[in-house]
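Heads up, model-v8.txt below (compact mmCIF, C-alpha atoms and all ligand atoms):
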# COMPACT_ATOMS: atom_id res chain seq x y z
CA MET A 707 42.13 111.84 -62.02
CA ASP A 708 44.39 109.72 -64.17
CA ASN A 709 43.60 106.23 -65.41
CA THR A 710 45.53 104.78 -62.52
CA ILE A 711 44.69 102.57 -59.58
CA LEU A 712 46.74 102.17 -56.42
CA VAL A 713 47.06 98.55 -55.32
CA THR A 714 48.53 97.80 -51.89
CA GLY A 715 50.07 94.42 -51.08
CA GLY A 716 50.37 93.64 -54.79
CA ALA A 717 53.49 91.47 -54.35
CA GLY A 718 51.64 88.98 -52.15
CA PHE A 719 49.63 85.95 -53.20
CA ILE A 720 46.25 87.45 -54.12
CA GLY A 721 47.53 90.94 -54.90
CA SER A 722 50.05 89.71 -57.47
CA ASN A 723 47.42 87.55 -59.19
CA PHE A 724 45.12 90.58 -59.27
CA VAL A 725 47.84 92.85 -60.74
CA LEU A 726 48.88 90.29 -63.38
CA ASP A 727 45.28 89.67 -64.44
CA TRP A 728 44.41 93.38 -64.45
CA LEU A 729 47.27 94.25 -66.78
CA ALA A 730 46.66 91.22 -68.99
CA LEU A 731 42.89 91.55 -69.27
CA ASP A 732 42.14 95.25 -68.98
CA GLN A 733 41.11 96.61 -72.37
CA GLY A 734 41.54 100.22 -71.25
CA SER A 735 44.66 102.04 -70.22
CA ASP A 736 44.58 101.83 -66.42
CA SER A 737 48.03 101.70 -64.90
CA ILE A 738 48.85 100.24 -61.51
CA ILE A 739 50.90 101.78 -58.72
CA ASN A 740 51.82 98.79 -56.57
CA LEU A 741 52.69 99.72 -52.98
CA ASP A 742 54.10 96.81 -50.99
CA LYS A 743 56.31 96.65 -47.92
CA LEU A 744 57.84 93.35 -49.06
CA THR A 745 57.47 91.51 -45.79
CA TYR A 746 58.40 87.81 -45.82
CA ALA A 747 55.14 87.28 -47.79
CA GLY A 748 55.90 89.80 -50.54
CA ASN A 749 57.75 88.32 -53.49
CA LEU A 750 58.69 90.40 -56.51
CA GLN A 751 59.36 87.23 -58.47
CA ASN A 752 55.56 86.95 -58.68
CA LEU A 753 55.70 90.12 -60.80
CA ALA A 754 58.83 89.30 -62.79
CA SER A 755 56.86 89.12 -66.07
CA LEU A 756 55.99 92.82 -65.64
CA GLU A 757 59.57 94.10 -65.68
CA GLY A 758 59.74 96.91 -68.21
CA ASN A 759 55.94 97.25 -68.40
CA PRO A 760 55.26 101.01 -68.26
CA ARG A 761 51.77 100.37 -66.84
CA HIS A 762 53.17 98.87 -63.64
CA ILE A 763 55.06 101.00 -61.12
CA PHE A 764 56.32 99.19 -58.05
CA VAL A 765 56.97 101.14 -54.85
CA ARG A 766 58.45 99.48 -51.81
CA GLY A 767 56.78 100.99 -48.74
CA ASP A 768 54.31 100.70 -45.89
CA ILE A 769 50.58 101.51 -46.03
CA GLY A 770 51.12 103.00 -42.55
CA ASP A 771 53.60 105.55 -43.93
CA ALA A 772 51.16 108.45 -44.27
CA ALA A 773 53.68 110.79 -45.94
CA LEU A 774 54.60 108.22 -48.60
CA VAL A 775 50.96 107.37 -49.33
CA ALA A 776 50.04 111.08 -49.54
CA LYS A 777 52.92 111.65 -51.97
CA LEU A 778 51.85 108.74 -54.17
CA LEU A 779 48.23 109.88 -54.23
CA THR A 780 49.17 113.47 -55.16
CA GLU A 781 51.65 112.35 -57.79
CA HIS A 782 49.55 109.67 -59.49
CA GLN A 783 45.94 110.84 -58.85
CA PRO A 784 44.45 107.33 -58.80
CA ARG A 785 40.75 106.79 -59.48
CA ALA A 786 40.68 103.87 -57.03
CA ILE A 787 42.60 102.11 -54.28
CA VAL A 788 42.46 98.35 -53.78
CA ASN A 789 43.80 97.41 -50.35
CA PHE A 790 45.26 93.90 -50.16
CA ALA A 791 48.14 94.76 -47.81
CA ALA A 792 47.91 92.76 -44.60
CA GLU A 793 49.51 90.21 -42.38
CA SER A 794 47.50 87.18 -43.45
CA HIS A 795 48.55 83.97 -41.70
CA VAL A 796 46.46 82.81 -38.71
CA ASP A 797 49.26 80.70 -37.19
CA ARG A 798 51.69 83.64 -37.27
CA SER A 799 49.03 85.83 -35.61
CA ILE A 800 48.85 83.33 -32.75
CA HIS A 801 52.63 83.36 -32.24
CA GLY A 802 53.06 87.12 -32.68
CA PRO A 803 49.97 89.32 -33.01
CA ALA A 804 51.75 92.72 -32.86
CA GLU A 805 52.45 92.99 -36.61
CA PHE A 806 48.81 92.17 -37.30
CA ILE A 807 47.62 95.06 -35.17
CA GLU A 808 50.22 97.36 -36.74
CA THR A 809 49.49 96.64 -40.41
CA ASN A 810 45.91 95.43 -40.46
CA ILE A 811 44.49 98.00 -38.05
CA VAL A 812 46.87 100.96 -37.72
CA GLY A 813 48.10 100.64 -41.32
CA THR A 814 44.56 100.56 -42.71
CA PHE A 815 43.70 103.57 -40.54
CA GLN A 816 46.67 105.56 -41.90
CA LEU A 817 45.77 104.56 -45.45
CA LEU A 818 42.17 105.69 -44.89
CA GLU A 819 43.34 109.01 -43.46
CA ALA A 820 45.61 109.70 -46.42
CA THR A 821 42.82 108.65 -48.79
CA ARG A 822 40.28 110.90 -47.09
CA SER A 823 42.56 113.89 -47.39
CA TYR A 824 43.26 113.17 -51.08
CA TRP A 825 39.59 112.51 -51.84
CA ASN A 826 38.50 115.76 -50.17
CA GLY A 827 40.73 117.67 -52.56
CA LEU A 828 39.22 116.16 -55.73
CA ASN A 829 36.62 117.97 -57.87
CA GLU A 830 33.01 116.82 -57.55
CA GLU A 831 33.07 114.53 -60.57
CA SER A 832 36.27 112.78 -59.50
CA LYS A 833 35.01 112.51 -55.93
CA GLY A 834 31.90 110.71 -57.14
CA ALA A 835 33.87 108.32 -59.33
CA PHE A 836 36.55 107.46 -56.72
CA ARG A 837 36.47 104.07 -54.94
CA PHE A 838 38.36 102.58 -51.97
CA LEU A 839 38.02 98.79 -52.09
CA HIS A 840 39.04 96.92 -48.95
CA VAL A 841 39.86 93.23 -49.39
CA SER A 842 38.76 91.23 -46.36
CA THR A 843 38.02 87.70 -45.28
CA ASP A 844 35.15 85.43 -44.25
CA GLU A 845 37.07 84.74 -41.02
CA VAL A 846 35.64 87.95 -39.48
CA TYR A 847 32.28 86.17 -39.14
CA GLY A 848 33.60 83.49 -36.76
CA SER A 849 33.05 79.75 -36.79
CA LEU A 850 29.96 77.76 -37.89
CA SER A 851 28.56 74.47 -36.64
CA PRO A 852 27.97 71.80 -39.32
CA THR A 853 24.28 72.74 -39.67
CA ASP A 854 24.52 76.56 -39.49
CA PRO A 855 23.63 78.47 -42.68
CA ALA A 856 26.55 79.93 -44.65
CA PHE A 857 27.70 83.49 -43.86
CA THR A 858 25.66 86.27 -45.43
CA GLU A 859 26.75 89.92 -45.38
CA THR A 860 24.44 90.59 -42.42
CA LYS A 861 26.03 87.91 -40.21
CA GLN A 862 27.32 89.34 -36.94
CA TYR A 863 31.12 89.68 -36.70
CA GLU A 864 32.60 87.16 -34.22
CA PRO A 865 36.34 86.96 -35.01
CA ASN A 866 38.26 84.34 -33.03
CA SER A 867 41.97 84.72 -33.91
CA PRO A 868 44.22 87.78 -33.66
CA TYR A 869 44.29 87.72 -37.49
CA SER A 870 40.51 87.74 -37.93
CA ALA A 871 40.07 90.26 -35.11
CA SER A 872 42.51 92.63 -36.79
CA LYS A 873 40.74 92.23 -40.14
CA ALA A 874 37.37 92.81 -38.44
CA ALA A 875 38.72 96.03 -36.91
CA SER A 876 39.89 97.22 -40.33
CA ASP A 877 36.49 96.40 -41.87
CA HIS A 878 34.81 98.50 -39.17
CA LEU A 879 37.14 101.43 -39.84
CA VAL A 880 36.43 101.25 -43.57
CA ARG A 881 32.70 101.19 -42.89
CA ALA A 882 32.99 104.14 -40.49
CA TYR A 883 34.87 106.24 -43.06
CA HIS A 884 31.90 105.86 -45.37
CA HIS A 885 29.25 106.61 -42.77
CA THR A 886 31.12 109.47 -41.12
CA TYR A 887 33.01 111.11 -43.98
CA GLY A 888 31.17 109.82 -47.04
CA LEU A 889 34.31 108.12 -48.43
CA PRO A 890 33.13 105.86 -51.30
CA VAL A 891 34.21 102.49 -49.94
CA LEU A 892 33.51 98.88 -50.90
CA THR A 893 34.42 95.77 -48.91
CA THR A 894 34.79 92.18 -50.08
CA ASN A 895 34.81 89.25 -47.64
CA CYS A 896 36.24 86.23 -49.37
CA SER A 897 36.76 82.59 -48.40
CA ASN A 898 40.09 80.67 -48.55
CA ASN A 899 41.94 81.23 -51.82
CA TYR A 900 44.29 78.82 -53.57
CA GLY A 901 46.27 78.94 -56.81
CA PRO A 902 49.59 80.16 -58.26
CA TYR A 903 52.05 82.17 -56.10
CA HIS A 904 50.53 80.96 -52.82
CA PHE A 905 53.18 81.19 -50.10
CA PRO A 906 54.03 77.67 -48.89
CA GLU A 907 53.08 78.29 -45.26
CA LYS A 908 49.35 77.88 -46.06
CA LEU A 909 47.70 74.46 -46.25
CA ILE A 910 47.52 73.77 -50.00
CA PRO A 911 50.99 74.96 -51.15
CA LEU A 912 52.55 73.55 -47.97
CA VAL A 913 51.13 70.10 -48.66
CA ILE A 914 52.27 70.14 -52.29
CA HIS A 915 55.74 71.29 -51.29
CA ASN A 916 56.13 68.83 -48.41
CA ALA A 917 54.77 65.94 -50.46
CA LEU A 918 57.35 66.47 -53.21
CA ALA A 919 60.12 67.00 -50.63
CA GLY A 920 59.27 63.69 -48.92
CA LYS A 921 58.26 65.49 -45.72
CA PRO A 922 55.24 64.89 -43.43
CA LEU A 923 51.89 66.43 -44.42
CA PRO A 924 50.72 67.99 -41.12
CA ILE A 925 47.00 67.74 -40.36
CA TYR A 926 45.91 69.87 -37.41
CA GLY A 927 43.62 68.02 -34.96
CA ASP A 928 41.21 65.61 -36.64
CA GLY A 929 41.38 67.30 -40.08
CA GLN A 930 37.62 67.72 -40.17
CA GLN A 931 37.69 71.52 -40.13
CA VAL A 932 35.80 72.85 -43.13
CA ARG A 933 36.88 75.72 -45.39
CA ASP A 934 35.23 77.14 -48.50
CA TRP A 935 37.85 77.26 -51.30
CA LEU A 936 38.02 79.73 -54.19
CA TYR A 937 40.54 79.78 -57.05
CA VAL A 938 42.53 83.00 -56.72
CA LYS A 939 41.75 84.23 -60.24
CA ASP A 940 38.05 84.02 -59.43
CA HIS A 941 38.68 86.22 -56.41
CA ALA A 942 40.48 88.71 -58.68
CA SER A 943 37.53 88.73 -61.09
CA ALA A 944 35.10 89.31 -58.20
CA ILE A 945 37.15 92.30 -57.02
CA ARG A 946 37.17 93.77 -60.55
CA ARG A 947 33.40 93.36 -60.70
CA VAL A 948 32.78 94.96 -57.30
CA LEU A 949 35.13 97.84 -58.17
CA GLU A 950 33.25 98.43 -61.41
CA SER A 951 29.65 98.04 -60.26
CA GLY A 952 29.47 97.53 -56.48
CA LYS A 953 27.15 99.78 -54.50
CA VAL A 954 29.15 102.28 -52.46
CA GLY A 955 29.22 101.54 -48.73
CA GLU A 956 28.30 97.87 -49.19
CA ALA A 957 30.08 94.60 -48.46
CA TYR A 958 30.07 91.60 -50.80
CA ASN A 959 30.77 88.02 -49.75
CA VAL A 960 32.87 86.12 -52.29
CA GLY A 961 33.03 82.34 -52.27
CA GLY A 962 33.32 79.27 -54.41
CA TRP A 963 30.45 77.11 -53.10
CA ASN A 964 33.19 74.58 -52.35
CA GLU A 965 33.09 73.53 -48.71
CA LYS A 966 35.67 70.83 -47.99
CA PRO A 967 37.10 69.25 -44.83
CA ASN A 968 40.89 69.74 -44.68
CA LEU A 969 41.55 66.00 -44.82
CA ASP A 970 39.58 65.72 -48.10
CA VAL A 971 41.62 68.58 -49.57
CA VAL A 972 44.87 66.86 -48.62
CA HIS A 973 43.71 63.51 -50.03
CA THR A 974 42.71 65.24 -53.28
CA LEU A 975 46.16 66.83 -53.53
CA CYS A 976 47.84 63.47 -52.89
CA ALA A 977 45.74 61.76 -55.56
CA ILE A 978 46.57 64.40 -58.19
CA LEU A 979 50.27 64.26 -57.30
CA ASP A 980 50.18 60.44 -57.44
CA GLU A 981 48.95 60.81 -61.01
CA LEU A 982 51.08 63.74 -62.23
CA SER A 983 54.34 63.14 -60.35
CA PRO A 984 54.31 59.66 -58.74
CA ARG A 985 56.60 58.77 -55.85
CA SER A 986 59.61 56.74 -56.95
CA ASP A 987 58.66 53.89 -54.56
CA GLY A 988 55.20 53.61 -56.14
CA LYS A 989 53.43 54.41 -52.87
CA SER A 990 50.86 57.19 -52.46
CA TYR A 991 51.80 60.62 -51.08
CA ALA A 992 48.91 60.01 -48.64
CA GLU A 993 51.37 57.83 -46.70
CA GLN A 994 53.07 61.09 -45.61
CA ILE A 995 49.92 62.37 -43.82
CA THR A 996 50.73 63.04 -40.14
CA TYR A 997 48.31 64.20 -37.45
CA VAL A 998 49.74 67.04 -35.33
CA THR A 999 48.54 69.12 -32.38
CA ASP A 1000 45.58 71.31 -33.27
CA ARG A 1001 45.81 75.09 -33.73
CA PRO A 1002 44.64 76.90 -30.55
CA GLY A 1003 41.10 78.26 -30.98
CA HIS A 1004 40.86 76.57 -34.39
CA ASP A 1005 37.67 77.66 -36.22
CA ARG A 1006 35.66 74.57 -37.14
CA ARG A 1007 33.84 75.69 -40.25
CA TYR A 1008 33.59 78.64 -42.65
CA ALA A 1009 31.01 78.80 -45.43
CA ILE A 1010 30.19 81.71 -47.71
CA ASP A 1011 26.78 82.54 -49.11
CA ALA A 1012 27.74 84.39 -52.31
CA THR A 1013 24.14 85.03 -53.41
CA LYS A 1014 24.40 88.82 -53.21
CA ILE A 1015 27.37 89.29 -55.56
CA ASN A 1016 25.85 86.77 -57.95
CA ARG A 1017 22.38 88.33 -57.92
CA ASP A 1018 23.33 92.03 -57.85
CA LEU A 1019 26.54 92.04 -59.87
CA GLY A 1020 26.22 88.87 -61.95
CA TRP A 1021 29.53 87.40 -60.68
CA LYS A 1022 30.20 83.70 -60.39
CA PRO A 1023 33.42 81.69 -60.24
CA ALA A 1024 34.81 80.22 -63.46
CA GLU A 1025 36.54 77.27 -61.75
CA THR A 1026 35.13 74.38 -59.76
CA PHE A 1027 37.33 73.01 -56.97
CA GLU A 1028 38.22 70.05 -59.18
CA THR A 1029 39.43 72.17 -62.13
CA GLY A 1030 41.11 74.81 -59.95
CA ILE A 1031 43.02 72.39 -57.74
CA ARG A 1032 44.36 70.45 -60.74
CA LYS A 1033 45.59 73.70 -62.33
CA THR A 1034 47.19 74.63 -59.02
CA VAL A 1035 49.10 71.35 -58.62
CA GLN A 1036 50.26 71.60 -62.23
CA TRP A 1037 51.43 75.19 -61.63
CA TYR A 1038 53.54 74.11 -58.64
CA LEU A 1039 55.03 71.24 -60.62
CA ASP A 1040 55.88 73.64 -63.46
CA ASN A 1041 57.29 76.30 -61.11
CA GLN A 1042 59.49 74.35 -58.72
CA GLU A 1043 62.16 77.04 -58.97
CA TRP A 1044 59.74 79.62 -57.52
CA VAL A 1045 59.07 77.33 -54.56
CA GLN A 1046 62.78 76.51 -54.08
CA ASN A 1047 63.65 80.21 -54.04
CA ILE A 1048 61.18 80.71 -51.20
CA ALA A 1049 62.31 77.63 -49.32
CA SER A 1050 65.95 78.72 -49.53
CA GLY A 1051 65.21 82.41 -48.86
CA ALA A 1052 66.82 83.32 -52.20
CA TYR A 1053 63.79 85.42 -53.21
CA LYS A 1054 64.76 87.97 -50.56
CA ASP A 1055 68.29 88.37 -51.99
CA TRP A 1056 66.73 88.91 -55.39
CA VAL A 1057 64.52 91.67 -53.99
CA ASP A 1058 67.44 93.43 -52.32
CA LYS A 1059 69.46 93.32 -55.52
CA HIS A 1060 66.74 94.65 -57.80
CA TYR A 1061 64.87 97.28 -55.81
CA GLU A 1062 65.60 100.26 -53.61
CA LYS A 1063 63.25 101.39 -50.87
CA VAL A 1064 61.31 104.44 -52.05
CA GLY A 1065 60.05 107.10 -49.71
P1 LIG A 1101 49.91 87.63 -48.45
O1 LIG A 1101 50.38 87.51 -47.03
O2 LIG A 1101 50.31 86.63 -49.45
O3 LIG A 1101 50.34 89.06 -49.03
C1 LIG A 1101 50.27 90.25 -48.29
C2 LIG A 1101 51.11 91.31 -49.01
O4 LIG A 1101 50.98 92.54 -48.26
C3 LIG A 1101 52.60 90.97 -49.06
O5 LIG A 1101 53.09 91.23 -50.36
C4 LIG A 1101 53.21 91.89 -48.02
O6 LIG A 1101 54.55 92.26 -48.34
C5 LIG A 1101 52.29 93.09 -48.09
N1 LIG A 1101 52.27 93.88 -46.85
C6 LIG A 1101 52.20 93.42 -45.58
N2 LIG A 1101 52.22 94.44 -44.71
C7 LIG A 1101 52.28 95.59 -45.45
C8 LIG A 1101 52.30 96.97 -45.14
N3 LIG A 1101 52.29 97.40 -43.87
N4 LIG A 1101 52.34 97.87 -46.16
C9 LIG A 1101 52.40 97.45 -47.45
N5 LIG A 1101 52.39 96.15 -47.80
C10 LIG A 1101 52.32 95.23 -46.83
O7 LIG A 1101 48.34 87.74 -48.32
P2 LIG A 1101 47.19 87.28 -49.35
O8 LIG A 1101 46.84 85.89 -49.06
O9 LIG A 1101 47.58 87.69 -50.72
O10 LIG A 1101 45.98 88.21 -48.84
C11 LIG A 1101 45.76 89.50 -49.39
C12 LIG A 1101 44.54 90.11 -48.71
O11 LIG A 1101 43.41 89.27 -48.91
C13 LIG A 1101 44.70 90.25 -47.19
O12 LIG A 1101 44.11 91.47 -46.81
C14 LIG A 1101 43.92 89.08 -46.63
O13 LIG A 1101 43.39 89.37 -45.36
C15 LIG A 1101 42.82 88.94 -47.67
N6 LIG A 1101 42.26 87.58 -47.83
C16 LIG A 1101 43.09 86.50 -48.01
C17 LIG A 1101 42.52 85.23 -48.20
C18 LIG A 1101 43.39 84.03 -48.47
O14 LIG A 1101 42.86 82.91 -48.55
N7 LIG A 1101 44.70 84.16 -48.62
C19 LIG A 1101 41.14 85.09 -48.21
C20 LIG A 1101 40.32 86.21 -48.03
C21 LIG A 1101 40.90 87.46 -47.84
P1 LIG A 1102 45.42 77.99 -43.76
O1 LIG A 1102 45.85 77.69 -45.15
O2 LIG A 1102 46.45 78.44 -42.78
O3 LIG A 1102 44.23 79.04 -43.87
P2 LIG A 1102 43.19 79.58 -42.72
O4 LIG A 1102 43.71 79.22 -41.39
O5 LIG A 1102 43.20 81.05 -42.97
O6 LIG A 1102 41.86 78.92 -43.03
O7 LIG A 1102 44.72 76.69 -43.17
C1 LIG A 1102 43.62 76.08 -43.81
C2 LIG A 1102 43.12 74.98 -42.91
O8 LIG A 1102 44.11 73.95 -42.86
C3 LIG A 1102 42.92 75.43 -41.47
O9 LIG A 1102 41.77 74.74 -40.95
C4 LIG A 1102 44.18 74.98 -40.77
C5 LIG A 1102 44.56 73.71 -41.52
N1 LIG A 1102 46.00 73.43 -41.62
C6 LIG A 1102 46.48 72.15 -41.33
O10 LIG A 1102 45.72 71.22 -40.97
N2 LIG A 1102 47.83 71.90 -41.46
C7 LIG A 1102 48.70 72.88 -41.84
O11 LIG A 1102 49.93 72.61 -41.91
C8 LIG A 1102 48.20 74.19 -42.14
C9 LIG A 1102 49.14 75.29 -42.58
C10 LIG A 1102 46.84 74.41 -42.03
The structure given in the file should be rewritten as structure tokens.
Amino acid sequence: MDNTILVTGGAGFIGSNFVLDWLALDQGSDSIINLDKLTYAGNLQNLASLEGNPRHIFVRGDIGDAALVAKLLTEHQPRAIVNFAAESHVDRSIHGPAEFIETNIVGTFQLLEATRSYWNGLNEESKGAFRFLHVSTDEVYGSLSPTDPAFTETKQYEPNSPYSASKAASDHLVRAYHHTYGLPVLTTNCSNNYGPYHFPEKLIPLVIHNALAGKPLPIYGDGQQVRDWLYVKDHASAIRRVLESGKVGEAYNVGGWNEKPNLDVVHTLCAILDELSPRSDGKSYAEQITYVTDRPGHDRRYAIDATKINRDLGWKPAETFETGIRKTVQWYLDNQEWVQNIASGAYKDWVDKHYEKVG
């Protein structure tokens, strides 16, 4: 096997942060093959700083395209696969679940099949060293009441949205490929991420974008739903750690120990924006907060118990919510062009101009 890893979904929010950090931090010579379908959520501008970098090869394609994946595996002989590719937005899954079933379930299945076939053909040493790391979410565990303990890895799966149900199905397939075929898999279940390159349909980037654009800041229901927030670069470091030292066949919960009600998050964002980029009328951005109809089946609370990854692998986040959220707001203020290109759809034209579909 070569010193190569295959990353899927590496033009999305978390995947692109992972790829950028990997190539910036890695002391060795691992290259990355980045397979991404470039759905609305994939944005090659996230990877613009890698243009001309021989250690990054971008391939536009679908994880469900078994022939393409088989070709990439044979050609590049990766020592690991990190699977980020997914449809990831709960609200979209409520309006149109079909794509979620197609990519998150069928796509993961096709990727596992191609991986199994490739892995079976490796020599014993390479087989032992190979890893398939599946990136999943805490949403598979369902919703907690205010007094329930945080999710541990043994918590029963109780997914409530088409998104979380499709991720749960993919987690089960990954687990089954280990138990049935011996494929050396690892799974991470992480809480809500935030940070640079976050698509402005999710709460934090949407609020920053709308605040600066003078638009309403929509709060679903009473705004008291609780999420555990993790800075995206801490998620990337957790994945690197699990890939390096995780026990094959196991799942690791990844979280920031930062449970916050949505309304608190939005008030924090408004306060930082009031300080860093005040409104011209001197009023607070909090004036733009607007209560809107709740999301159907809205999960009330998620909380991650990250004891296992801390105890067994020595991982802990570098950022607190306070430091991470300030960096995030500053990043959006410094990268308004990136946001404008998404808002106007210009990022798609850029993609079409610069890349051809491979496969
Ligand atoms: P994202 O929507 O920003 O990015 C997904 C990427 O996958 C995009 O670049 C998209 O083009 C690509 N993609 C979609 N379908 C594909 C397909 N069939 N083949 C190849 N590429 C495809 O998502 P994200 O927030 O970066 O999430 C990445 C992964 O992490 C997902 O698996 C998600 O379930 C998981 N996760 C996300 C969070 C979070 O807070 N965002 C938290 C925990 C886990
Ligand atoms: P989101 O960022 O979509 O992540 P997830 O649904 O995967 O947790 O939403 C985070 C929380 O914020 C969730 O409880 C829904 C809520 N929310 C709003 O109140 N208003 C919004 O405009 C959005 C996008 C989300």
- request: Using all atoms listed in the file, collect all residues at a distance of at most 7 Å from (47.9, 69.7, -38.8) as written in the file, then present them as a PyMOL selection string.
  value: chain A and resi 924-927+997-1000
task: For ligand LIG 1102 (chain A), list the contacting residues at 10 Å or closer, counting all atoms listed in the file, as JSON, numbers by chain.
output: {"A": [794, 795, 796, 797, 798, 843, 844, 845, 867, 869, 870, 897, 898, 899, 900, 904, 905, 906, 907, 908, 909, 910, 911, 912, 913, 916, 922, 923, 924, 925, 926, 927, 928, 929, 930, 931, 932, 933, 934, 935, 966, 967, 968, 969, 971, 972, 996, 997, 998, 999, 1000, 1001, 1004, 1005, 1006, 1007, 1008]}
Determine, for each residue of stretch 819-862 of chain A having at least one atom at most 9 Å from an atom of stretch 949-958 of chain A, the closest pair of atoms and their separation in Å to one decimal, counting all atoms listed in the file; order by chain and ascending number, as JSON lines.
{"residue": "A:Arg837", "atom": "CA", "partner": "A:Leu949", "partner_atom": "CA", "distance": 7.1}
{"residue": "A:Phe838", "atom": "CA", "partner": "A:Leu949", "partner_atom": "CA", "distance": 8.4}
{"residue": "A:Leu839", "atom": "CA", "partner": "A:Leu949", "partner_atom": "CA", "distance": 6.8}
{"residue": "A:Thr858", "atom": "CA", "partner": "A:Tyr958", "partner_atom": "CA", "distance": 8.8}
{"residue": "A:Glu859", "atom": "CA", "partner": "A:Ala957", "partner_atom": "CA", "distance": 6.5}
message: as a PyMOL selection string, please: every protein or nucleic acid residue near ligand LIG 1101 (chain A) (cut-off 8 Å, counting all atoms listed in the file).
response: chain A and resi 714-722+741-749+766-770+789-795+808-810+813+840-845+873+895-900+904-905
field: Point-to-point distance in Å for atom CA of A:Asn759 and atom CA of A:Leu892
entry: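 Between atom CA of A:Leu892 and atom CA of A:Asn759 the gap works out to 28.5 Å.
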- prompt: Of the candidates A:Ser983, A:Thr1029, A:Thr893, A:Thr1034, which shows the shortest atom-to-atom distance to A:Ile1015, using only C-alpha atoms?
  reply: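 Comparing A:Ser983, A:Thr1029, A:Thr893, A:Thr1034 against A:Ile1015, the winner is A:Thr893.
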message: Considering only C-alpha atoms, can you say which of A:Gly834, A:Ser799, A:Arg822, A:Gly901 comes closest to A:Ala882?
response: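 For A:Ala882, the nearest of the given residues is A:Arg822.
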message: If we count all atoms listed in the file and set the cut-off at 9 Å, which residues sit around A:Trp1021, ignoring sequence neighbours fewer than 3 positions away in its own chain? Please answer as a list in words.
response: Ser943, Ala944, Arg947, Val948, Ile1015, Asn1016, Arg1017 and Asp1018 of chain A
- prompt: Hey, can you check how far atom CA of A:His878 sits from atom CA of A:Ile739?
  reply: 25.5 Å
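Distance-wise, atom CA of A:Asn1047 and atom CA of A:Ala919 end up 14.1 Å apart.
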query: From the set A:Asn866, A:Gly920, A:Ile711, A:Val960, which residue has the shortest atom-to-atom contact distance to A:Thr1013, counting all atoms listed in the file?
result: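 Comparing A:Asn866, A:Gly920, A:Ile711, A:Val960 against A:Thr1013, the winner is A:Val960.
Among the candidates A:Thr886, A:Leu726, A:Glu757, A:Leu712, the one nearest to A:Asn740 when counting only C-alpha atoms is A:Leu712.
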message: What's around A:Ser872 at 7 Å? Count all atoms listed in the file, leave out sequence neighbours fewer than 4 positions away in its own chain, and write the answer as a list in words.
response: Phe806, Ile807, Asn810, Ile811, Pro868 and Ser876 of chain A
